[in-house]
$ cat structure-v1.txt   # compact mmCIF, C-alpha atoms
# COMPACT_ATOMS: atom_id res chain seq x y z
CA THR P 1 7.40 22.56 17.19
CA ASN P 2 10.00 22.93 19.97
CA ALA P 3 9.91 20.91 23.20
CA VAL P 4 8.30 22.70 26.15
CA ALA P 5 8.56 19.94 28.77
CA PHE P 6 10.60 16.84 29.56
CA PHE P 7 9.42 14.01 31.83
CA ALA P 8 11.65 11.65 33.78
CA SER P 9 10.52 8.10 34.46
CA THR P 10 9.51 6.66 37.82
CA GLY P 11 12.51 4.35 37.99
CA GLY P 12 14.93 6.33 35.90
CA GLY P 13 14.88 3.84 33.02
CA VAL P 14 13.34 3.89 29.57
CA ALA P 15 11.03 0.99 30.46
CA ASP P 16 9.56 2.80 33.49
CA ALA P 17 6.45 4.98 33.42
CA SER P 18 6.86 8.68 32.65
CA ILE P 19 3.19 9.72 32.32
CA ILE P 20 0.20 7.95 33.84
CA ALA P 21 -3.24 9.40 33.13
CA ARG P 22 -6.65 8.32 34.38
CA GLY P 23 -8.33 10.49 31.79
CA THR P 24 -7.58 11.48 28.20
CA ILE P 25 -4.32 12.86 26.85
CA SER P 26 -5.12 14.94 23.77
CA GLY P 27 -2.81 16.12 21.01
CA GLY P 28 -3.58 19.10 18.85
CA ASN P 29 -3.06 17.23 15.57
CA ALA P 30 -4.52 14.13 14.01
CA ASP P 31 -2.00 11.43 13.13
CA ILE P 32 0.50 9.25 14.98
CA GLY P 33 4.07 9.38 13.72
CA GLU P 34 7.64 8.29 14.29
CA TYR P 35 10.99 9.91 13.60
CA ILE P 36 12.80 8.13 10.76
CA ASN P 37 15.95 8.24 8.68
CA VAL P 38 15.55 8.63 4.93
CA VAL P 39 17.69 7.76 1.93
CA GLY P 40 19.44 10.84 0.55
CA SER P 41 18.96 14.39 1.77
CA GLU P 42 16.03 15.22 4.05
CA SER P 43 15.50 18.37 1.99
CA GLU P 44 14.25 16.15 -0.85
CA TYR P 45 11.27 15.00 1.24
CA GLU P 46 8.13 16.93 2.10
CA ALA P 47 4.74 16.37 3.70
CA GLY P 48 2.59 14.00 1.67
CA ASP P 49 5.40 11.97 0.14
CA VAL P 50 4.54 8.25 0.10
CA LEU P 51 7.30 6.12 1.64
CA SER P 52 8.55 2.54 1.37
CA ALA P 53 11.29 0.74 3.25
CA SER P 54 14.59 1.13 1.42
CA ASP P 55 15.94 -1.77 -0.64
CA THR P 56 19.54 -0.67 -0.26
CA GLU P 57 19.91 0.92 3.18
CA ALA P 58 18.78 -0.82 6.36
CA VAL P 59 16.26 0.91 8.66
CA ARG P 60 15.78 3.78 6.22
CA PHE P 61 12.90 4.92 4.06
CA GLU P 62 12.62 6.34 0.55
CA LYS P 63 9.93 7.64 -1.77
CA SER P 64 7.81 4.81 -3.16
CA ASP P 65 8.20 4.43 -6.92
CA THR P 66 6.77 0.95 -7.51
CA PRO P 67 3.03 0.27 -8.02
CA TYR P 68 1.58 -1.83 -5.19
CA ASP P 69 4.95 -1.85 -3.42
CA TYR P 70 5.05 -4.64 -0.82
CA LYS P 71 7.45 -2.46 1.21
CA LEU P 72 4.88 0.35 1.48
CA ALA P 73 5.27 1.94 4.93
CA GLY P 74 3.53 5.30 5.32
CA VAL P 75 3.72 8.98 4.39
CA ILE P 76 5.76 11.99 5.45
CA THR P 77 3.73 14.09 7.89
CA GLU P 78 4.09 17.47 9.56
CA THR P 79 0.89 17.20 11.59
CA ALA P 80 1.54 14.31 13.98
CA GLY P 81 -0.10 14.70 17.37
CA LEU P 82 2.12 11.97 18.85
CA ILE P 83 5.67 11.30 17.62
CA ALA P 84 7.68 8.29 18.78
CA GLY P 85 11.43 7.78 18.56
CA GLY P 86 12.46 11.19 19.82
CA GLY P 87 14.93 9.74 22.31
CA GLU P 88 16.84 7.61 19.83
CA ASP P 89 20.45 8.45 18.99
CA ASN P 90 21.18 9.48 15.39
CA ARG P 91 17.48 9.71 14.57
CA GLY P 92 16.30 11.63 11.53
CA ASN P 93 14.15 14.74 11.60
CA LYS P 94 11.49 13.55 9.19
CA VAL P 95 8.32 11.96 10.59
CA ILE P 96 6.39 9.09 9.02
CA ALA P 97 2.65 8.86 9.69
CA LEU P 98 1.83 5.41 11.05
CA ALA P 99 -1.90 5.84 11.64
CA GLY P 100 -4.62 8.47 11.68
CA ARG P 101 -5.41 11.29 9.24
CA ALA P 102 -2.66 12.84 7.10
CA PRO P 103 -2.44 14.60 3.71
CA VAL P 104 -1.10 12.35 0.94
CA LYS P 105 0.18 13.24 -2.52
CA VAL P 106 -2.04 11.66 -5.16
CA SER P 107 -2.49 11.63 -8.92
CA THR P 108 -5.28 10.76 -11.34
CA ALA P 109 -3.16 8.12 -13.13
CA ASN P 110 -5.61 5.37 -12.12
CA GLY P 111 -8.64 7.60 -12.51
CA PRO P 112 -10.48 10.05 -10.24
CA ILE P 113 -10.37 9.34 -6.52
CA LYS P 114 -13.59 9.12 -4.52
CA ILE P 115 -14.13 9.15 -0.78
CA GLY P 116 -13.57 5.59 0.46
CA ASP P 117 -11.16 4.58 -2.32
CA TYR P 118 -8.01 2.80 -1.19
CA LEU P 119 -4.71 4.43 -2.18
CA THR P 120 -1.50 2.68 -3.11
CA SER P 121 1.95 3.53 -4.43
CA SER P 122 2.61 4.35 -8.10
CA ASP P 123 5.52 4.63 -10.53
CA VAL P 124 5.79 8.35 -9.76
CA ALA P 125 8.09 8.70 -6.75
CA GLY P 126 6.24 9.66 -3.58
CA VAL P 127 2.81 9.88 -5.23
CA ALA P 128 -0.17 7.61 -4.51
CA VAL P 129 -2.96 6.56 -6.85
CA LYS P 130 -6.33 4.87 -6.51
CA ALA P 131 -5.84 1.14 -5.96
CA VAL P 132 -7.68 -0.86 -8.62
CA GLU P 133 -6.05 -4.26 -8.09
CA PRO P 134 -5.38 -6.44 -5.04
CA GLY P 135 -2.22 -5.53 -3.17
CA PRO P 136 -0.71 -3.32 -0.44
CA VAL P 137 -2.55 -0.06 0.23
CA LEU P 138 -1.57 3.04 2.17
CA GLY P 139 -5.01 3.85 3.52
CA MET P 140 -8.43 5.23 2.58
CA ALA P 141 -9.13 8.57 0.89
CA LEU P 142 -11.29 10.86 3.01
CA GLU P 143 -11.94 13.38 0.24
CA PRO P 144 -12.27 13.22 -3.55
CA PHE P 145 -9.66 14.24 -6.11
CA ASP P 146 -9.96 14.84 -9.84
CA SER P 147 -8.88 17.38 -12.45
CA SER P 148 -11.75 19.75 -11.61
CA ARG P 149 -10.46 20.12 -8.07
CA CYS P 150 -7.08 21.14 -9.45
CA GLN P 151 -8.68 23.77 -11.67
CA SER P 152 -10.76 25.26 -8.86
CA ALA P 153 -8.10 25.19 -6.13
CA ASN P 154 -5.08 25.88 -8.38
CA THR P 155 -2.87 23.93 -5.96
CA CYS P 156 -1.86 21.02 -8.20
CA GLU P 157 1.12 20.29 -10.37
CA SER P 158 1.18 18.34 -13.61
CA ILE P 159 3.64 15.60 -14.58
CA ASN P 160 3.29 14.21 -18.11
CA GLY P 161 -0.29 15.46 -18.23
CA ILE P 162 -1.23 13.78 -14.93
CA GLN P 163 -2.60 16.02 -12.19
CA ILE P 164 -0.94 15.71 -8.77
CA GLY P 165 -2.34 17.18 -5.56
CA LYS P 166 -3.08 16.11 -1.99
CA VAL P 167 -6.02 14.45 -0.25
CA MET P 168 -6.66 13.80 3.42
CA THR P 169 -6.20 10.07 3.97
CA PHE P 170 -6.82 7.71 6.86
CA ILE P 171 -3.47 5.95 7.11
CA ASP P 172 -3.80 2.19 7.54
CA VAL P 173 -1.18 0.20 5.64
CA HIS P 174 -2.44 -3.28 4.79
CA TRP P 175 -3.24 -5.66 1.91
CA ALA P 176 -6.65 -5.16 0.33
CA LEU P 177 -9.06 -6.16 -2.44
CA PRO P 178 -10.00 -2.57 -3.37
CA GLU P 179 -13.05 -2.95 -5.61
CA MET P 180 -14.76 -5.47 -3.35
CA ALA P 181 -14.00 -3.37 -0.25
CA SER P 182 -15.45 -0.23 -1.81
CA GLY P 183 -18.65 -2.00 -2.83
CA GLN P 184 -17.93 -1.57 -6.55
CA GLY P 185 -17.09 -5.22 -7.12
CA SER P 186 -18.69 -8.59 -6.67
CA MET P 187 -17.86 -12.27 -6.74
CA VAL P 188 -17.29 -11.79 -10.49
CA ASN P 189 -14.36 -9.46 -9.72
CA PHE P 190 -12.94 -11.90 -7.18
CA THR P 191 -13.23 -14.78 -9.65
CA GLU P 192 -11.42 -12.75 -12.30
CA TRP P 193 -8.58 -11.95 -9.88
CA VAL P 194 -8.25 -15.66 -9.04
CA ARG P 195 -8.30 -16.56 -12.73
CA ARG P 196 -5.50 -14.09 -13.51
CA ALA P 197 -3.42 -15.34 -10.59
CA ILE P 198 -3.81 -18.98 -11.69
CA LYS P 199 -2.95 -18.06 -15.28
CA ASP P 200 0.33 -16.55 -14.07
CA ILE P 201 1.44 -20.03 -12.96
CA GLY P 202 0.45 -21.65 -16.25
CA ILE P 203 -3.10 -22.84 -15.52
CA THR P 204 -6.17 -21.75 -17.50
CA ILE P 205 -9.80 -22.37 -16.51
CA SER P 206 -12.63 -22.01 -19.01
CA ASP P 207 -16.22 -23.27 -18.68
CA GLY P 208 -15.24 -25.55 -15.82
CA ILE P 209 -12.35 -27.12 -17.77
CA VAL P 210 -8.80 -26.83 -16.44
CA TYR P 211 -5.99 -26.58 -18.99
CA MET P 212 -2.35 -27.25 -18.04
CA LYS P 213 0.71 -28.81 -19.67
CA GLU P 214 1.56 -31.55 -17.18
CA ILE P 215 0.29 -33.19 -14.00
CA VAL P 216 2.70 -35.12 -11.79
CA ALA P 217 0.93 -37.28 -9.18
CA ASP P 218 1.40 -40.55 -7.31
CA ARG P 219 -2.21 -41.61 -7.89
CA ILE P 220 -5.08 -40.30 -10.00
CA PHE P 221 -8.71 -41.30 -9.44
CA ALA P 222 -11.21 -40.73 -12.27
CA LYS P 223 -14.53 -42.24 -13.37
CA ARG P 224 -13.62 -41.83 -17.01
CA VAL P 225 -10.39 -41.06 -18.86
CA VAL P 226 -10.49 -39.70 -22.42
CA THR P 227 -7.12 -39.40 -24.14
CA GLU P 228 -5.58 -39.25 -27.59
CA GLU P 229 -2.52 -41.21 -26.48
CA LEU P 230 -1.72 -43.37 -23.43
CA CYS P 231 1.89 -43.94 -22.41
CA ILE P 232 3.13 -46.42 -19.80
CA GLY P 233 6.73 -45.76 -18.93
CA ASN P 234 8.53 -45.10 -22.21
CA THR P 235 5.99 -47.05 -24.27
CA CYS P 236 3.20 -45.15 -26.03

$ encode --input "structure-v1.txt" --output "structure tokens"
Amino acid sequence: TNAVAFFASTGGGVADASIIARGTISGGNADIGEYINVVGSESEYEAGDVLSASDTEAVRFEKSDTPYDYKLAGVITETAGLIAGGGEDNRGNKVIALAGRAPVKVSTANGPIKIGDYLTSSDVAGVAVKAVEPGPVLGMALEPFDSSRCQSANTCESINGIQIGKVMTFIDVHWALPEMASGQGSMVNFTEWVRRAIKDIGITISDGIVYMKEIVADRIFAKRVVTEELCIGNTC
């Protein structure tokens, strides 16, 4: 974990080349990380903690504690094969995994996790769950997780009856439609998501009929208008 070599740059500046390779440069570990500063004490963070950008402190990260957090950023890692930010002043000592494979803390709160399931943040700080709705995701689970794994491995903890352990995850933070991406859904699922989203803004669709309280428009074109009351200006 300690530095064994330092490389100057060709021109002496940070924008000049330090290493040029015609072949492959290989790291011993799997993921790509970056040194970061965290909110609070670094001793409160450990490998596998799910992180989001802090609401209160600029350019700092904290444990995610909001389901489908739009500020979802990555996970604490101790296995990064490439770590950026080492030359920055006042940098932290914790490393966030930006891409690649890294262990992630997970729970069974949204059900058992299968290989290929997308993971997202939960209301338990630093712990991911299976994503079952559209929204930001941390990445894709590369191994399964359920209560039987906890019983056989004896490496899990329990919070309010929910099993928490770790799974290897391919880190790729993005917005996803989980069920459709995993092949478990269909156009029916997509239609239901659209229907719920429209309902949130006060519009209901049923059997091809749209229900809403008011329509404000400059012009309306219709072949037939059926109404219980017609008002022109203030006269009805």

$ residues_near_point --input "structure-v1.txt" --point "(9.9, 21.1, 6.2)" --cutoff "10 Å" --atoms "all atoms listed in the file" --output "list in words"
Glu42, Ser43, Glu44, Tyr45, Glu46, Ala47, Thr77, Glu78, Asn93 and Lys94 of chain P

$ residues_around --input "structure-v1.txt" --residues "Glu34 (chain P)" --least-positions-apart "3" --cutoff "10 Å" --atoms "all atoms listed in the file" --output "PDB file with C-alpha atoms, in the coordinates of the input"
ATOM      1  CA  ILE P  76       5.760  11.990   5.450  1.00  0.00           C
ATOM      2  CA  THR P  77       3.730  14.090   7.890  1.00  0.00           C
ATOM      3  CA  ALA P  80       1.540  14.310  13.980  1.00  0.00           C
ATOM      4  CA  LEU P  82       2.120  11.970  18.850  1.00  0.00           C
ATOM      5  CA  ILE P  83       5.670  11.300  17.620  1.00  0.00           C
ATOM      6  CA  ALA P  84       7.680   8.290  18.780  1.00  0.00           C
ATOM      7  CA  GLY P  85      11.430   7.780  18.560  1.00  0.00           C
ATOM      8  CA  GLY P  86      12.460  11.190  19.820  1.00  0.00           C
ATOM      9  CA  ARG P  91      17.480   9.710  14.570  1.00  0.00           C
ATOM     10  CA  GLY P  92      16.300  11.630  11.530  1.00  0.00           C
ATOM     11  CA  ASN P  93      14.150  14.740  11.600  1.00  0.00           C
ATOM     12  CA  LYS P  94      11.490  13.550   9.190  1.00  0.00           C
ATOM     13  CA  VAL P  95       8.320  11.960  10.590  1.00  0.00           C
ATOM     14  CA  ILE P  96       6.390   9.090   9.020  1.00  0.00           C
ATOM     15  CA  ALA P  97       2.650   8.860   9.690  1.00  0.00           C
ATOM     16  CA  LEU P  98       1.830   5.410  11.050  1.00  0.00           C
TER      17      LEU P  98
END

$ atom_distance --input "structure-v1.txt" --atom1 "CA of Leu142 (chain P)" --atom2 "CA of Ala125 (chain P)"
21.8 Å

$ closest_residue --input "structure-v1.txt" --among "P:Cys150, P:Val50, P:Leu138, P:Ala73" --to "Gly126 (chain P)" --atoms "all atoms listed in the file"
P:Val50

$ closest_residue --input "structure-v1.txt" --among "P:Phe170, P:Phe6, P:Tyr35, P:Phe221" --to "Ala102 (chain P)" --atoms "all atoms listed in the file"
P:Phe170

$ decode --input "structure-v1.txt" --residues "region 74-86 of chain P" --atoms "all heavy atoms" --output "PDB file, in the first residue's frame"
ATOM      1  N   GLY P  74     -20.747   6.282  -5.784  1.00  0.00           N
ATOM      2  CA  GLY P  74     -19.833   5.144  -5.852  1.00  0.00           C
ATOM      3  C   GLY P  74     -19.798   4.398  -4.538  1.00  0.00           C
ATOM      4  O   GLY P  74     -20.745   4.434  -3.754  1.00  0.00           O
ATOM      5  N   VAL P  75     -18.681   3.735  -4.259  1.00  0.00           N
ATOM      6  CA  VAL P  75     -18.554   2.903  -3.064  1.00  0.00           C
ATOM      7  C   VAL P  75     -17.119   2.980  -2.557  1.00  0.00           C
ATOM      8  O   VAL P  75     -16.181   3.119  -3.349  1.00  0.00           O
ATOM      9  CB  VAL P  75     -18.956   1.445  -3.390  1.00  0.00           C
ATOM     10  CG1 VAL P  75     -18.073   0.871  -4.487  1.00  0.00           C
ATOM     11  CG2 VAL P  75     -18.904   0.555  -2.151  1.00  0.00           C
ATOM     12  N   ILE P  76     -16.949   2.909  -1.253  1.00  0.00           N
ATOM     13  CA  ILE P  76     -15.608   2.875  -0.673  1.00  0.00           C
ATOM     14  C   ILE P  76     -14.924   1.575  -1.088  1.00  0.00           C
ATOM     15  O   ILE P  76     -15.495   0.495  -0.980  1.00  0.00           O
ATOM     16  CB  ILE P  76     -15.657   2.966   0.867  1.00  0.00           C
ATOM     17  CG1 ILE P  76     -16.141   4.348   1.313  1.00  0.00           C
ATOM     18  CG2 ILE P  76     -14.296   2.663   1.469  1.00  0.00           C
ATOM     19  CD1 ILE P  76     -15.129   5.458   1.138  1.00  0.00           C
ATOM     20  N   THR P  77     -13.688   1.681  -1.567  1.00  0.00           N
ATOM     21  CA  THR P  77     -12.942   0.502  -1.993  1.00  0.00           C
ATOM     22  C   THR P  77     -11.559   0.468  -1.359  1.00  0.00           C
ATOM     23  O   THR P  77     -10.981   1.509  -1.048  1.00  0.00           O
ATOM     24  CB  THR P  77     -12.798   0.469  -3.529  1.00  0.00           C
ATOM     25  OG1 THR P  77     -12.052  -0.703  -3.909  1.00  0.00           O
ATOM     26  CG2 THR P  77     -12.063   1.692  -4.048  1.00  0.00           C
ATOM     27  N   GLU P  78     -11.061  -0.741  -1.181  1.00  0.00           N
ATOM     28  CA  GLU P  78      -9.683  -0.946  -0.722  1.00  0.00           C
ATOM     29  C   GLU P  78      -8.921  -1.820  -1.713  1.00  0.00           C
ATOM     30  O   GLU P  78      -7.854  -2.330  -1.406  1.00  0.00           O
ATOM     31  CB  GLU P  78      -9.690  -1.579   0.669  1.00  0.00           C
ATOM     32  CG  GLU P  78     -10.267  -0.677   1.751  1.00  0.00           C
ATOM     33  CD  GLU P  78     -10.310  -1.328   3.120  1.00  0.00           C
ATOM     34  OE1 GLU P  78     -10.009  -2.545   3.210  1.00  0.00           O
ATOM     35  OE2 GLU P  78     -10.644  -0.640   4.107  1.00  0.00           O
ATOM     36  N   THR P  79      -9.503  -1.976  -2.912  1.00  0.00           N
ATOM     37  CA  THR P  79      -8.891  -2.881  -3.892  1.00  0.00           C
ATOM     38  C   THR P  79      -8.640  -2.203  -5.228  1.00  0.00           C
ATOM     39  O   THR P  79      -8.531  -2.876  -6.247  1.00  0.00           O
ATOM     40  CB  THR P  79      -9.814  -4.097  -4.121  1.00  0.00           C
ATOM     41  OG1 THR P  79     -11.094  -3.636  -4.590  1.00  0.00           O
ATOM     42  CG2 THR P  79     -10.010  -4.882  -2.831  1.00  0.00           C
ATOM     43  N   ALA P  80      -8.545  -0.883  -5.252  1.00  0.00           N
ATOM     44  CA  ALA P  80      -8.371  -0.179  -6.528  1.00  0.00           C
ATOM     45  C   ALA P  80      -7.013  -0.469  -7.142  1.00  0.00           C
ATOM     46  O   ALA P  80      -5.978  -0.371  -6.484  1.00  0.00           O
ATOM     47  CB  ALA P  80      -8.533   1.323  -6.325  1.00  0.00           C
ATOM     48  N   GLY P  81      -7.026  -0.818  -8.429  1.00  0.00           N
ATOM     49  CA  GLY P  81      -5.775  -1.044  -9.146  1.00  0.00           C
ATOM     50  C   GLY P  81      -5.173   0.243  -9.666  1.00  0.00           C
ATOM     51  O   GLY P  81      -3.981   0.319  -9.950  1.00  0.00           O
ATOM     52  N   LEU P  82      -6.009   1.274  -9.814  1.00  0.00           N
ATOM     53  CA  LEU P  82      -5.561   2.595 -10.254  1.00  0.00           C
ATOM     54  C   LEU P  82      -6.294   3.629  -9.414  1.00  0.00           C
ATOM     55  O   LEU P  82      -7.519   3.612  -9.331  1.00  0.00           O
ATOM     56  CB  LEU P  82      -5.870   2.815 -11.736  1.00  0.00           C
ATOM     57  CG  LEU P  82      -5.601   4.220 -12.284  1.00  0.00           C
ATOM     58  CD1 LEU P  82      -4.109   4.535 -12.228  1.00  0.00           C
ATOM     59  CD2 LEU P  82      -6.120   4.355 -13.714  1.00  0.00           C
ATOM     60  N   ILE P  83      -5.527   4.518  -8.741  1.00  0.00           N
ATOM     61  CA  ILE P  83      -6.132   5.531  -7.871  1.00  0.00           C
ATOM     62  C   ILE P  83      -5.692   6.912  -8.335  1.00  0.00           C
ATOM     63  O   ILE P  83      -4.498   7.211  -8.391  1.00  0.00           O
ATOM     64  CB  ILE P  83      -5.726   5.337  -6.401  1.00  0.00           C
ATOM     65  CG1 ILE P  83      -6.031   3.910  -5.943  1.00  0.00           C
ATOM     66  CG2 ILE P  83      -6.464   6.346  -5.518  1.00  0.00           C
ATOM     67  CD1 ILE P  83      -5.576   3.617  -4.529  1.00  0.00           C
ATOM     68  N   ALA P  84      -6.666   7.754  -8.667  1.00  0.00           N
ATOM     69  CA  ALA P  84      -6.378   9.120  -9.091  1.00  0.00           C
ATOM     70  C   ALA P  84      -6.453  10.063  -7.897  1.00  0.00           C
ATOM     71  O   ALA P  84      -6.998   9.732  -6.850  1.00  0.00           O
ATOM     72  CB  ALA P  84      -7.380   9.555 -10.159  1.00  0.00           C
ATOM     73  N   GLY P  85      -5.898  11.260  -8.087  1.00  0.00           N
ATOM     74  CA  GLY P  85      -5.997  12.289  -7.060  1.00  0.00           C
ATOM     75  C   GLY P  85      -4.932  12.252  -5.993  1.00  0.00           C
ATOM     76  O   GLY P  85      -4.994  13.008  -5.020  1.00  0.00           O
ATOM     77  N   GLY P  86      -3.933  11.406  -6.166  1.00  0.00           N
ATOM     78  CA  GLY P  86      -2.902  11.274  -5.134  1.00  0.00           C
ATOM     79  C   GLY P  86      -2.030  12.501  -4.968  1.00  0.00           C
ATOM     80  O   GLY P  86      -1.431  12.707  -3.915  1.00  0.00           O
TER      81      GLY P  86
END
